[in-house]
Amino acid sequence: MKPETRKKIDELFRHYPERRGALLPAIYLVQEEFGYVGPEAARELAEIFEIAPVAVWEVLTFYNMFYTEPQGRHHVYVCTNLPCSLRGARPLIRCLEERLGVHAGETTADGRITLGHEECLGSCGTAPVMRVDGVYHENLDLERALAIVDQLD
Amino acid sequence: MQTEPYTKLYLSEHYGNEAFRTLAGYEAAGGFQGLRAALARDPEEVTELVKSSGLRGRGGAGFNAGLKWSFMPKGDERMKVLVCNGDESEPGSFKDRMIMQQGPFQILEGLLIAAWATGARRSYIYIRGEYQYPIQCVRKAVAEMYDKGYLGRDVFGEPGFEHDIVVHSGAGAYICGEETGLLESLEGKKGQPRKKPPFPAQHGAFGLPTTVNNIETFAHVPYILSRGVEWFRGFGTEKSPGTTLFGVSGHVERPGLFELPLGTPLREVIAKAGGVRNNRALKAVIPGGMSMPVLTPSDLDVPMAEEFLSERGTHLGTGGVMVMDDTTCMARVACVISYFFRDESCGQCTQCREGTGWIHKLCERIEAGRGRPRDLELLESVPALMEGHTICAFADAAAWPIKGLLRHFRSDFECHISEGSCPFPESFEL
């Protein structure tokens, strides 16, 4: 990892009475650099945190927002939980699957977009919702969802 | 997201006003009067006051907040910690997100009052990872507080009152909303809930004495201190004082947030949201986030407070009200709900890990028209084997909604099994 990333991780430690408290924020930093955290980066984190590599790996694989494999350049996640489903989320994700030629959970062959479904995003009053590269798009309809996805490079 | 609720009372009075999101604007609107009132009293007195206000936790369990504070050990040399639960992962809940975006200083003021009352030296605000923008809003508010010298040493000019606030991002796991799952996650581990006892007050974050409260709970606290217990009790019911931000979703004309007194009849909450959409008839309402058993149109007059909802076999939970009209297939609803719990079970307890999978399989089979005559019996027996037999309440949360759906809408399931197809052609799609 870059020395800047390492430096940022070191700065995290003072906020926690035990080093390990900084593990989740540190994983975010590494993921920001590589787009995912593979076995090698996990081993490096384990050394920094003085824990077994498997202890990093089990954390990585427990949380939905950490990736152990390369992802698309853009992340498109559609909430399919009950409040969004009641307001049309399922036809919406199917429509995106068709447009992108992938199933939810897959990445387009050109590496442009990873499409996924997600559990409740806390946007039930403005359902359906999707999260694109971390940004919420709410009160969606099919046309707008397609337009948003189409303009991703 | 809306910038302000459709109906406002004290908590959201200034929401939608850009200035209220800045330290200067918050102070101009009367911010920190609650904290100043607290600092003029002994810490024990502040805890007593919050206890007597009857403020109940707004994160789902509804426990008396002041009573929780009083569990923090006294005369303990270890550093004491506050944790503000901003994981808001209960489906149907979206109120904490608005508080973080529109009233971040209310949360910080509430934390400082709690810190004074309990002797806590540090606060962690744990916010779910998907809430990137709310995290930014809260971080910005904390930074402004440090810049102004309101955090760190001698907080608000009180010699010896030291407090630091750290904003910590989760990474996508429903179970981290459970308080001990959250503590494990904060410690950099898998968010698997702990056995209790020991309770967090004795052995919480990093083994330190810890009090965990929800975002909204902290946000109410300043008003109790600045305006008084009697004033606070002027809202809500005797056992559930104050207001809450009800989040109404699903088949209504105007979904969104509504600040209303606790105890407002369910009928009125739905009416504020414009009623059932397209003039359809109401079929079912989940009153407090997806873990809570469903209500039927015959329950519309129930006051939305825990003491009345529990009489009807359900709970206020997080105040997330999901409305379903008469087109809705309840076997399909069961399918969506059971998928969620299967997906989010942390896997620690067998009953939960296996039980959530079984429930989902059964629901899926029944919904698809492949159900067998004895499936309903099986679907009733699995939740009974899970409930109360696991480390945390997740298994209960997975079992309750299914039990509720079977209790009130058994014929929806029976019809799928006997006809082999869905009797609701206009139902939402899967």
# chains A, B, ... in the order shown; residues from 1 in each chain; ligands from 1
$ interface_residues --of "chain A" --to "chain B" --cutoff "10 Å" --atoms "only C-alpha atoms" --output "ChimeraX atom specification"
/A:15-28,55-56,58-66,80-91,118-128,131,134-139
$ residues_around --residues "segment 33-44 of chain A" --least-positions-apart "4" --cutoff "7 Å" --atoms "only C-alpha atoms" --output "number ranges by chain"
A: 29, 48, 53, 56-57, 67-71
$ write_last_selection --atoms "all heavy atoms" --output "mmCIF file, in the first residue's frame"
data_model
loop_
_atom_site.group_PDB
_atom_site.id
_atom_site.type_symbol
_atom_site.label_atom_id
_atom_site.label_comp_id
_atom_site.auth_asym_id
_atom_site.auth_seq_id
_atom_site.Cartn_x
_atom_site.Cartn_y
_atom_site.Cartn_z
ATOM 1 N N LEU A 29 -9.669 2.556 4.017
ATOM 2 C CA LEU A 29 -8.558 3.278 3.376
ATOM 3 C C LEU A 29 -7.865 2.417 2.326
ATOM 4 O O LEU A 29 -7.557 2.886 1.225
ATOM 5 C CB LEU A 29 -7.547 3.743 4.440
ATOM 6 C CG LEU A 29 -8.010 4.862 5.373
ATOM 7 C CD1 LEU A 29 -7.017 5.063 6.516
ATOM 8 C CD2 LEU A 29 -8.197 6.174 4.602
ATOM 9 N N ILE A 48 0.188 -4.878 10.299
ATOM 10 C CA ILE A 48 0.053 -3.567 10.937
ATOM 11 C C ILE A 48 -0.719 -3.683 12.249
ATOM 12 O O ILE A 48 -0.371 -3.068 13.253
ATOM 13 C CB ILE A 48 -0.665 -2.576 9.996
ATOM 14 C CG1 ILE A 48 0.170 -2.318 8.753
ATOM 15 C CG2 ILE A 48 -0.957 -1.252 10.711
ATOM 16 C CD1 ILE A 48 -0.555 -1.537 7.669
ATOM 17 N N PRO A 53 -3.771 -13.085 9.915
ATOM 18 C CA PRO A 53 -4.428 -12.713 8.648
ATOM 19 C C PRO A 53 -5.896 -13.141 8.605
ATOM 20 O O PRO A 53 -6.747 -12.420 8.084
ATOM 21 C CB PRO A 53 -3.612 -13.452 7.587
ATOM 22 C CG PRO A 53 -2.260 -13.606 8.211
ATOM 23 C CD PRO A 53 -2.483 -13.771 9.681
ATOM 24 N N VAL A 56 -8.319 -10.659 9.915
ATOM 25 C CA VAL A 56 -8.673 -9.586 8.975
ATOM 26 C C VAL A 56 -9.670 -10.130 7.952
ATOM 27 O O VAL A 56 -10.675 -9.493 7.639
ATOM 28 C CB VAL A 56 -7.418 -9.044 8.253
ATOM 29 C CG1 VAL A 56 -7.806 -8.021 7.192
ATOM 30 C CG2 VAL A 56 -6.445 -8.432 9.262
ATOM 31 N N TRP A 57 -9.398 -11.341 7.488
ATOM 32 C CA TRP A 57 -10.222 -11.931 6.439
ATOM 33 C C TRP A 57 -11.658 -12.152 6.902
ATOM 34 O O TRP A 57 -12.612 -11.916 6.176
ATOM 35 C CB TRP A 57 -9.596 -13.259 5.973
ATOM 36 C CG TRP A 57 -10.087 -13.657 4.623
ATOM 37 C CD1 TRP A 57 -10.960 -14.654 4.331
ATOM 38 C CD2 TRP A 57 -9.764 -13.027 3.375
ATOM 39 N NE1 TRP A 57 -11.187 -14.698 2.981
ATOM 40 C CE2 TRP A 57 -10.469 -13.708 2.368
ATOM 41 C CE3 TRP A 57 -8.939 -11.948 3.021
ATOM 42 C CZ2 TRP A 57 -10.392 -13.358 1.024
ATOM 43 C CZ3 TRP A 57 -8.852 -11.603 1.679
ATOM 44 C CH2 TRP A 57 -9.576 -12.296 0.701
ATOM 45 N N TYR A 67 -14.904 -5.560 -0.136
ATOM 46 C CA TYR A 67 -14.806 -6.456 -1.277
ATOM 47 C C TYR A 67 -13.450 -7.160 -1.268
ATOM 48 O O TYR A 67 -12.421 -6.511 -1.103
ATOM 49 C CB TYR A 67 -14.954 -5.668 -2.587
ATOM 50 C CG TYR A 67 -16.121 -4.712 -2.559
ATOM 51 C CD1 TYR A 67 -15.921 -3.331 -2.553
ATOM 52 C CD2 TYR A 67 -17.432 -5.193 -2.479
ATOM 53 C CE1 TYR A 67 -16.987 -2.452 -2.487
ATOM 54 C CE2 TYR A 67 -18.505 -4.316 -2.415
ATOM 55 C CZ TYR A 67 -18.275 -2.943 -2.420
ATOM 56 O OH TYR A 67 -19.336 -2.080 -2.350
ATOM 57 N N THR A 68 -13.479 -8.471 -1.464
ATOM 58 C CA THR A 68 -12.223 -9.211 -1.505
ATOM 59 C C THR A 68 -11.797 -9.507 -2.940
ATOM 60 O O THR A 68 -10.785 -10.145 -3.168
ATOM 61 C CB THR A 68 -12.348 -10.538 -0.720
ATOM 62 O OG1 THR A 68 -13.497 -11.237 -1.200
ATOM 63 C CG2 THR A 68 -12.503 -10.272 0.766
ATOM 64 N N GLU A 69 -12.622 -9.048 -3.891
ATOM 65 C CA GLU A 69 -12.274 -9.224 -5.302
ATOM 66 C C GLU A 69 -12.493 -7.914 -6.046
ATOM 67 O O GLU A 69 -13.283 -7.082 -5.607
ATOM 68 C CB GLU A 69 -13.160 -10.303 -5.928
ATOM 69 C CG GLU A 69 -12.680 -11.701 -5.603
ATOM 70 C CD GLU A 69 -13.720 -12.753 -5.920
ATOM 71 O OE1 GLU A 69 -14.628 -12.483 -6.723
ATOM 72 O OE2 GLU A 69 -13.585 -13.853 -5.342
ATOM 73 N N PRO A 70 -11.800 -7.749 -7.189
ATOM 74 C CA PRO A 70 -11.961 -6.504 -7.941
ATOM 75 C C PRO A 70 -13.429 -6.256 -8.306
ATOM 76 O O PRO A 70 -14.161 -7.203 -8.594
ATOM 77 C CB PRO A 70 -11.134 -6.737 -9.209
ATOM 78 C CG PRO A 70 -10.171 -7.817 -8.856
ATOM 79 C CD PRO A 70 -10.838 -8.668 -7.835
ATOM 80 N N GLN A 71 -13.816 -5.015 -8.292
ATOM 81 C CA GLN A 71 -15.198 -4.623 -8.602
ATOM 82 C C GLN A 71 -15.203 -3.761 -9.860
ATOM 83 O O GLN A 71 -14.155 -3.345 -10.336
ATOM 84 C CB GLN A 71 -15.763 -3.799 -7.438
ATOM 85 C CG GLN A 71 -15.727 -4.517 -6.099
ATOM 86 C CD GLN A 71 -16.733 -5.646 -6.027
ATOM 87 O OE1 GLN A 71 -17.927 -5.442 -6.168
ATOM 88 N NE2 GLN A 71 -16.238 -6.865 -5.838
#
$ atom_distance --atom1 "atom CA of Gly105 of chain A" --atom2 "atom CA of Ile135 of chain B"
25.9 Å
$ select_by_dssp --residues "chain A" --states "strand (DSSP E)" --output "list in words"
His74, His75, Val76, Tyr77, Val78, Cys79, Ile113, Thr114, Leu115, Gly116, His117, Glu118, Met130, Arg131, Val132, Val135, Tyr136 and His137 of chain A
$ write_last_selection --atoms "N, CA and C atoms" --output "PDB file, in the first residue's frame"
ATOM      1  N   HIS A  74     -17.818   1.390 -11.406  1.00  0.00           N
ATOM      2  CA  HIS A  74     -18.954   2.009 -10.715  1.00  0.00           C
ATOM      3  C   HIS A  74     -19.772   0.958  -9.971  1.00  0.00           C
ATOM      4  N   HIS A  75     -20.283   1.372  -8.840  1.00  0.00           N
ATOM      5  CA  HIS A  75     -21.117   0.477  -8.040  1.00  0.00           C
ATOM      6  C   HIS A  75     -22.562   0.957  -8.113  1.00  0.00           C
ATOM      7  N   VAL A  76     -23.451   0.091  -8.569  1.00  0.00           N
ATOM      8  CA  VAL A  76     -24.872   0.438  -8.619  1.00  0.00           C
ATOM      9  C   VAL A  76     -25.633  -0.569  -7.756  1.00  0.00           C
ATOM     10  N   TYR A  77     -26.212  -0.113  -6.684  1.00  0.00           N
ATOM     11  CA  TYR A  77     -26.947  -0.999  -5.793  1.00  0.00           C
ATOM     12  C   TYR A  77     -28.387  -0.538  -5.661  1.00  0.00           C
ATOM     13  N   VAL A  78     -29.302  -1.442  -5.885  1.00  0.00           N
ATOM     14  CA  VAL A  78     -30.720  -1.118  -5.778  1.00  0.00           C
ATOM     15  C   VAL A  78     -31.262  -1.759  -4.501  1.00  0.00           C
ATOM     16  N   CYS A  79     -31.977  -0.983  -3.710  1.00  0.00           N
ATOM     17  CA  CYS A  79     -32.593  -1.537  -2.503  1.00  0.00           C
ATOM     18  C   CYS A  79     -33.810  -2.351  -2.922  1.00  0.00           C
ATOM     19  N   ILE A 113     -19.419  -1.554 -14.649  1.00  0.00           N
ATOM     20  CA  ILE A 113     -20.392  -1.449 -13.557  1.00  0.00           C
ATOM     21  C   ILE A 113     -20.563  -2.771 -12.817  1.00  0.00           C
ATOM     22  N   THR A 114     -20.559  -2.701 -11.486  1.00  0.00           N
ATOM     23  CA  THR A 114     -21.009  -3.824 -10.671  1.00  0.00           C
ATOM     24  C   THR A 114     -22.423  -3.490 -10.230  1.00  0.00           C
ATOM     25  N   LEU A 115     -23.345  -4.408 -10.550  1.00  0.00           N
ATOM     26  CA  LEU A 115     -24.752  -4.208 -10.182  1.00  0.00           C
ATOM     27  C   LEU A 115     -25.066  -5.112  -8.999  1.00  0.00           C
ATOM     28  N   GLY A 116     -25.815  -4.584  -8.060  1.00  0.00           N
ATOM     29  CA  GLY A 116     -26.191  -5.430  -6.938  1.00  0.00           C
ATOM     30  C   GLY A 116     -27.509  -4.992  -6.350  1.00  0.00           C
ATOM     31  N   HIS A 117     -28.069  -5.880  -5.529  1.00  0.00           N
ATOM     32  CA  HIS A 117     -29.217  -5.417  -4.760  1.00  0.00           C
ATOM     33  C   HIS A 117     -28.744  -5.271  -3.325  1.00  0.00           C
ATOM     34  N   GLU A 118     -29.440  -4.448  -2.589  1.00  0.00           N
ATOM     35  CA  GLU A 118     -28.968  -4.154  -1.250  1.00  0.00           C
ATOM     36  C   GLU A 118     -30.157  -4.202  -0.308  1.00  0.00           C
ATOM     37  N   MET A 130     -31.685   3.813  -5.259  1.00  0.00           N
ATOM     38  CA  MET A 130     -30.450   3.078  -5.540  1.00  0.00           C
ATOM     39  C   MET A 130     -29.254   3.928  -5.130  1.00  0.00           C
ATOM     40  N   ARG A 131     -28.162   3.224  -4.834  1.00  0.00           N
ATOM     41  CA  ARG A 131     -26.950   3.881  -4.372  1.00  0.00           C
ATOM     42  C   ARG A 131     -25.919   3.716  -5.479  1.00  0.00           C
ATOM     43  N   VAL A 132     -25.492   4.818  -6.070  1.00  0.00           N
ATOM     44  CA  VAL A 132     -24.521   4.764  -7.158  1.00  0.00           C
ATOM     45  C   VAL A 132     -23.241   5.434  -6.685  1.00  0.00           C
ATOM     46  N   VAL A 135     -23.649   7.501  -3.681  1.00  0.00           N
ATOM     47  CA  VAL A 135     -24.639   8.589  -3.673  1.00  0.00           C
ATOM     48  C   VAL A 135     -26.047   8.024  -3.850  1.00  0.00           C
ATOM     49  N   TYR A 136     -26.986   8.484  -3.051  1.00  0.00           N
ATOM     50  CA  TYR A 136     -28.361   8.004  -3.130  1.00  0.00           C
ATOM     51  C   TYR A 136     -29.119   8.694  -4.269  1.00  0.00           C
ATOM     52  N   HIS A 137     -29.884   7.899  -5.010  1.00  0.00           N
ATOM     53  CA  HIS A 137     -30.834   8.450  -5.977  1.00  0.00           C
ATOM     54  C   HIS A 137     -32.200   7.943  -5.565  1.00  0.00           C
TER      55      HIS A 137
END
$ atom_distance --atom1 "atom CA of Lys283 of chain B" --atom2 "atom CA of Pro383 of chain B"
23.5 Å
$ residues_around --residues "Ala393 of chain B" --least-positions-apart "5" --cutoff "12 Å" --atoms "only C-alpha atoms" --output "PyMOL selection string"
chain B and resi 60-61+175+177-181+192-196+291-292+341+345-346+349+351-352+386-388+398-400
$ write_last_selection --atoms "N, CA, C and O atoms" --output "JSON list (two decimals), in the first residue's frame"
[["chain", "number", "residue", "atom", "x", "y", "z"],
["B", 60, "GLY", "N", -35.71, 1.19, 19.30],
["B", 60, "GLY", "CA", -36.47, -0.04, 19.12],
["B", 60, "GLY", "C", -36.92, -0.68, 20.41],
["B", 60, "GLY", "O", -38.04, -1.15, 20.52],
["B", 61, "ALA", "N", -36.05, -0.70, 21.41],
["B", 61, "ALA", "CA", -36.39, -1.43, 22.64],
["B", 61, "ALA", "C", -37.23, -0.59, 23.60],
["B", 61, "ALA", "O", -37.93, -1.12, 24.45],
["B", 175, "ILE", "N", -26.93, -6.51, 11.72],
["B", 175, "ILE", "CA", -26.78, -6.94, 13.11],
["B", 175, "ILE", "C", -26.02, -5.91, 13.95],
["B", 175, "ILE", "O", -26.10, -5.91, 15.17],
["B", 177, "GLY", "N", -26.75, -3.01, 14.37],
["B", 177, "GLY", "CA", -27.69, -2.14, 15.07],
["B", 177, "GLY", "C", -27.98, -2.68, 16.47],
["B", 177, "GLY", "O", -28.41, -1.95, 17.35],
["B", 178, "GLU", "N", -27.74, -3.98, 16.68],
["B", 178, "GLU", "CA", -27.89, -4.59, 18.01],
["B", 178, "GLU", "C", -26.74, -4.07, 18.85],
["B", 178, "GLU", "O", -25.60, -4.09, 18.40],
["B", 179, "GLU", "N", -27.01, -3.66, 20.10],
["B", 179, "GLU", "CA", -25.97, -2.87, 20.76],
["B", 179, "GLU", "C", -24.66, -3.62, 20.99],
["B", 179, "GLU", "O", -23.59, -3.02, 20.87],
["B", 180, "THR", "N", -24.70, -4.90, 21.31],
["B", 180, "THR", "CA", -23.42, -5.57, 21.53],
["B", 180, "THR", "C", -22.76, -5.99, 20.22],
["B", 180, "THR", "O", -21.53, -6.09, 20.15],
["B", 181, "GLY", "N", -23.57, -6.19, 19.18],
["B", 181, "GLY", "CA", -23.00, -6.42, 17.85],
["B", 181, "GLY", "C", -22.26, -5.18, 17.40],
["B", 181, "GLY", "O", -21.17, -5.24, 16.84],
["B", 192, "GLN", "N", -20.79, -9.75, 15.76],
["B", 192, "GLN", "CA", -21.62, -10.81, 16.36],
["B", 192, "GLN", "C", -21.95, -10.46, 17.81],
["B", 192, "GLN", "O", -21.05, -10.27, 18.63],
["B", 193, "PRO", "N", -23.24, -10.39, 18.12],
["B", 193, "PRO", "CA", -23.66, -9.96, 19.46],
["B", 193, "PRO", "C", -23.06, -10.80, 20.59],
["B", 193, "PRO", "O", -22.70, -11.96, 20.40],
["B", 194, "ARG", "N", -22.96, -10.15, 21.75],
["B", 194, "ARG", "CA", -22.37, -10.82, 22.91],
["B", 194, "ARG", "C", -23.45, -11.36, 23.82],
["B", 194, "ARG", "O", -24.57, -10.87, 23.84],
["B", 195, "LYS", "N", -23.06, -12.33, 24.61],
["B", 195, "LYS", "CA", -23.96, -12.81, 25.67],
["B", 195, "LYS", "C", -24.04, -11.76, 26.75],
["B", 195, "LYS", "O", -23.06, -11.11, 27.06],
["B", 196, "LYS", "N", -25.23, -11.60, 27.31],
["B", 196, "LYS", "CA", -25.38, -10.68, 28.43],
["B", 196, "LYS", "C", -25.97, -11.45, 29.62],
["B", 196, "LYS", "O", -26.89, -12.24, 29.40],
["B", 291, "SER", "N", -39.22, -5.85, 11.82],
["B", 291, "SER", "CA", -39.22, -6.96, 12.78],
["B", 291, "SER", "C", -40.51, -7.07, 13.55],
["B", 291, "SER", "O", -40.69, -8.03, 14.31],
["B", 292, "MET", "N", -41.38, -6.08, 13.42],
["B", 292, "MET", "CA", -42.55, -6.05, 14.28],
["B", 292, "MET", "C", -43.76, -6.69, 13.61],
["B", 292, "MET", "O", -44.02, -6.45, 12.44],
["B", 341, "PHE", "N", -33.90, -11.62, 6.60],
["B", 341, "PHE", "CA", -33.37, -12.16, 7.85],
["B", 341, "PHE", "C", -32.40, -13.32, 7.58],
["B", 341, "PHE", "O", -31.44, -13.50, 8.32],
["B", 345, "SER", "N", -28.61, -12.80, 9.11],
["B", 345, "SER", "CA", -28.27, -13.55, 10.33],
["B", 345, "SER", "C", -26.75, -13.62, 10.43],
["B", 345, "SER", "O", -26.07, -13.92, 9.45],
["B", 346, "CYS", "N", -26.20, -13.33, 11.62],
["B", 346, "CYS", "CA", -24.74, -13.29, 11.74],
["B", 346, "CYS", "C", -24.14, -14.68, 11.75],
["B", 346, "CYS", "O", -22.93, -14.84, 11.65],
["B", 349, "CYS", "N", -25.58, -18.33, 16.14],
["B", 349, "CYS", "CA", -26.41, -19.33, 16.82],
["B", 349, "CYS", "C", -27.09, -20.23, 15.78],
["B", 349, "CYS", "O", -27.67, -19.74, 14.81],
["B", 351, "GLN", "N", -29.86, -21.99, 15.87],
["B", 351, "GLN", "CA", -31.30, -21.82, 15.69],
["B", 351, "GLN", "C", -31.62, -20.70, 14.71],
["B", 351, "GLN", "O", -32.56, -20.79, 13.92],
["B", 352, "CYS", "N", -30.84, -19.64, 14.77],
["B", 352, "CYS", "CA", -31.07, -18.48, 13.92],
["B", 352, "CYS", "C", -30.52, -18.72, 12.52],
["B", 352, "CYS", "O", -31.22, -18.52, 11.52],
["B", 386, "MET", "N", -36.93, -20.95, 17.33],
["B", 386, "MET", "CA", -35.87, -19.92, 17.30],
["B", 386, "MET", "C", -36.02, -18.92, 18.45],
["B", 386, "MET", "O", -35.05, -18.57, 19.11],
["B", 387, "GLU", "N", -37.25, -18.50, 18.61],
["B", 387, "GLU", "CA", -37.57, -17.40, 19.52],
["B", 387, "GLU", "C", -37.09, -17.67, 20.95],
["B", 387, "GLU", "O", -37.43, -18.71, 21.53],
["B", 388, "GLY", "N", -36.32, -16.77, 21.49],
["B", 388, "GLY", "CA", -35.89, -16.90, 22.89],
["B", 388, "GLY", "C", -34.77, -17.90, 23.11],
["B", 388, "GLY", "O", -34.38, -18.15, 24.24],
["B", 398, "ALA", "N", -36.72, -12.14, 13.49],
["B", 398, "ALA", "CA", -36.97, -12.91, 12.27],
["B", 398, "ALA", "C", -38.26, -13.72, 12.40],
["B", 398, "ALA", "O", -38.96, -13.96, 11.42],
["B", 399, "ALA", "N", -38.56, -14.14, 13.63],
["B", 399, "ALA", "CA", -39.72, -15.03, 13.85],
["B", 399, "ALA", "C", -41.04, -14.25, 13.93],
["B", 399, "ALA", "O", -42.05, -14.67, 13.37],
["B", 400, "TRP", "N", -40.99, -13.10, 14.62],
["B", 400, "TRP", "CA", -42.23, -12.35, 14.88],
["B", 400, "TRP", "C", -43.04, -11.99, 13.64],
["B", 400, "TRP", "O", -44.24, -12.23, 13.59]]
$ residues_around --residues "Asp326 of chain B" --least-positions-apart "2" --cutoff "12 Å" --atoms "only C-alpha atoms" --output "PyMOL selection string"
chain B and resi 251+276-285+296-297+323-324+328-330+409+412+423-428
$ residues_around --residues "Thr314 of chain B" --least-positions-apart "3" --cutoff "7 Å" --atoms "only C-alpha atoms" --output "PyMOL selection string"
chain B and resi 292-293+309-310
$ write_last_selection --atoms "N, CA, C and O atoms" --output "compact mmCIF listing (two decimals), in the first residue's frame"
# COMPACT_ATOMS: atom_id res chain seq x y z
N MET B 292 -41.38 -6.08 13.42
CA MET B 292 -42.55 -6.05 14.28
C MET B 292 -43.76 -6.69 13.61
O MET B 292 -44.02 -6.45 12.44
N PRO B 293 -44.52 -7.50 14.38
CA PRO B 293 -45.68 -8.16 13.80
C PRO B 293 -46.68 -7.17 13.22
O PRO B 293 -46.83 -6.04 13.70
N LEU B 309 -49.33 -0.79 21.81
CA LEU B 309 -49.02 -1.73 20.73
C LEU B 309 -48.72 -3.12 21.28
O LEU B 309 -49.11 -4.13 20.69
N SER B 310 -48.07 -3.17 22.45
CA SER B 310 -47.73 -4.50 22.99
C SER B 310 -48.99 -5.25 23.42
O SER B 310 -49.03 -6.47 23.39
$ closest_residue --among "B:Ala38, B:Ala271, B:Leu23, B:Val294" --to "Thr7 of chain B" --atoms "only C-alpha atoms"
B:Ala271
$ closest_residue --among "B:Ala331, B:Val138, B:Ser12, B:Gln348" --to "Cys392 of chain B" --atoms "only C-alpha atoms"
B:Gln348
$ select_by_dssp --residues "segment 54-94 of chain B" --states "helix (DSSP H, G or I)" --output "list in words"
Ala65, Gly66, Leu67, Lys68, Trp69 and Ser70 of chain B
$ closest_residue --among "A:Ala147, A:Leu92, A:Leu12, A:Ile51" --to "Val129 of chain A" --atoms "only C-alpha atoms"
A:Leu92
$ atom_distance --atom1 "atom CA of Phe20 of chain B" --atom2 "atom CA of Gly103 of chain B"
6.8 Å
$ closest_residue --among "A:Thr108, A:Val102, A:Arg6, A:Leu146" --to "Glu47 of chain A" --atoms "only C-alpha atoms"
A:Arg6
$ closest_residue --among "B:Phe63, B:Tyr10, B:Tyr126, B:Trp231" --to "Gly86 of chain B" --atoms "only C-alpha atoms"
B:Tyr126
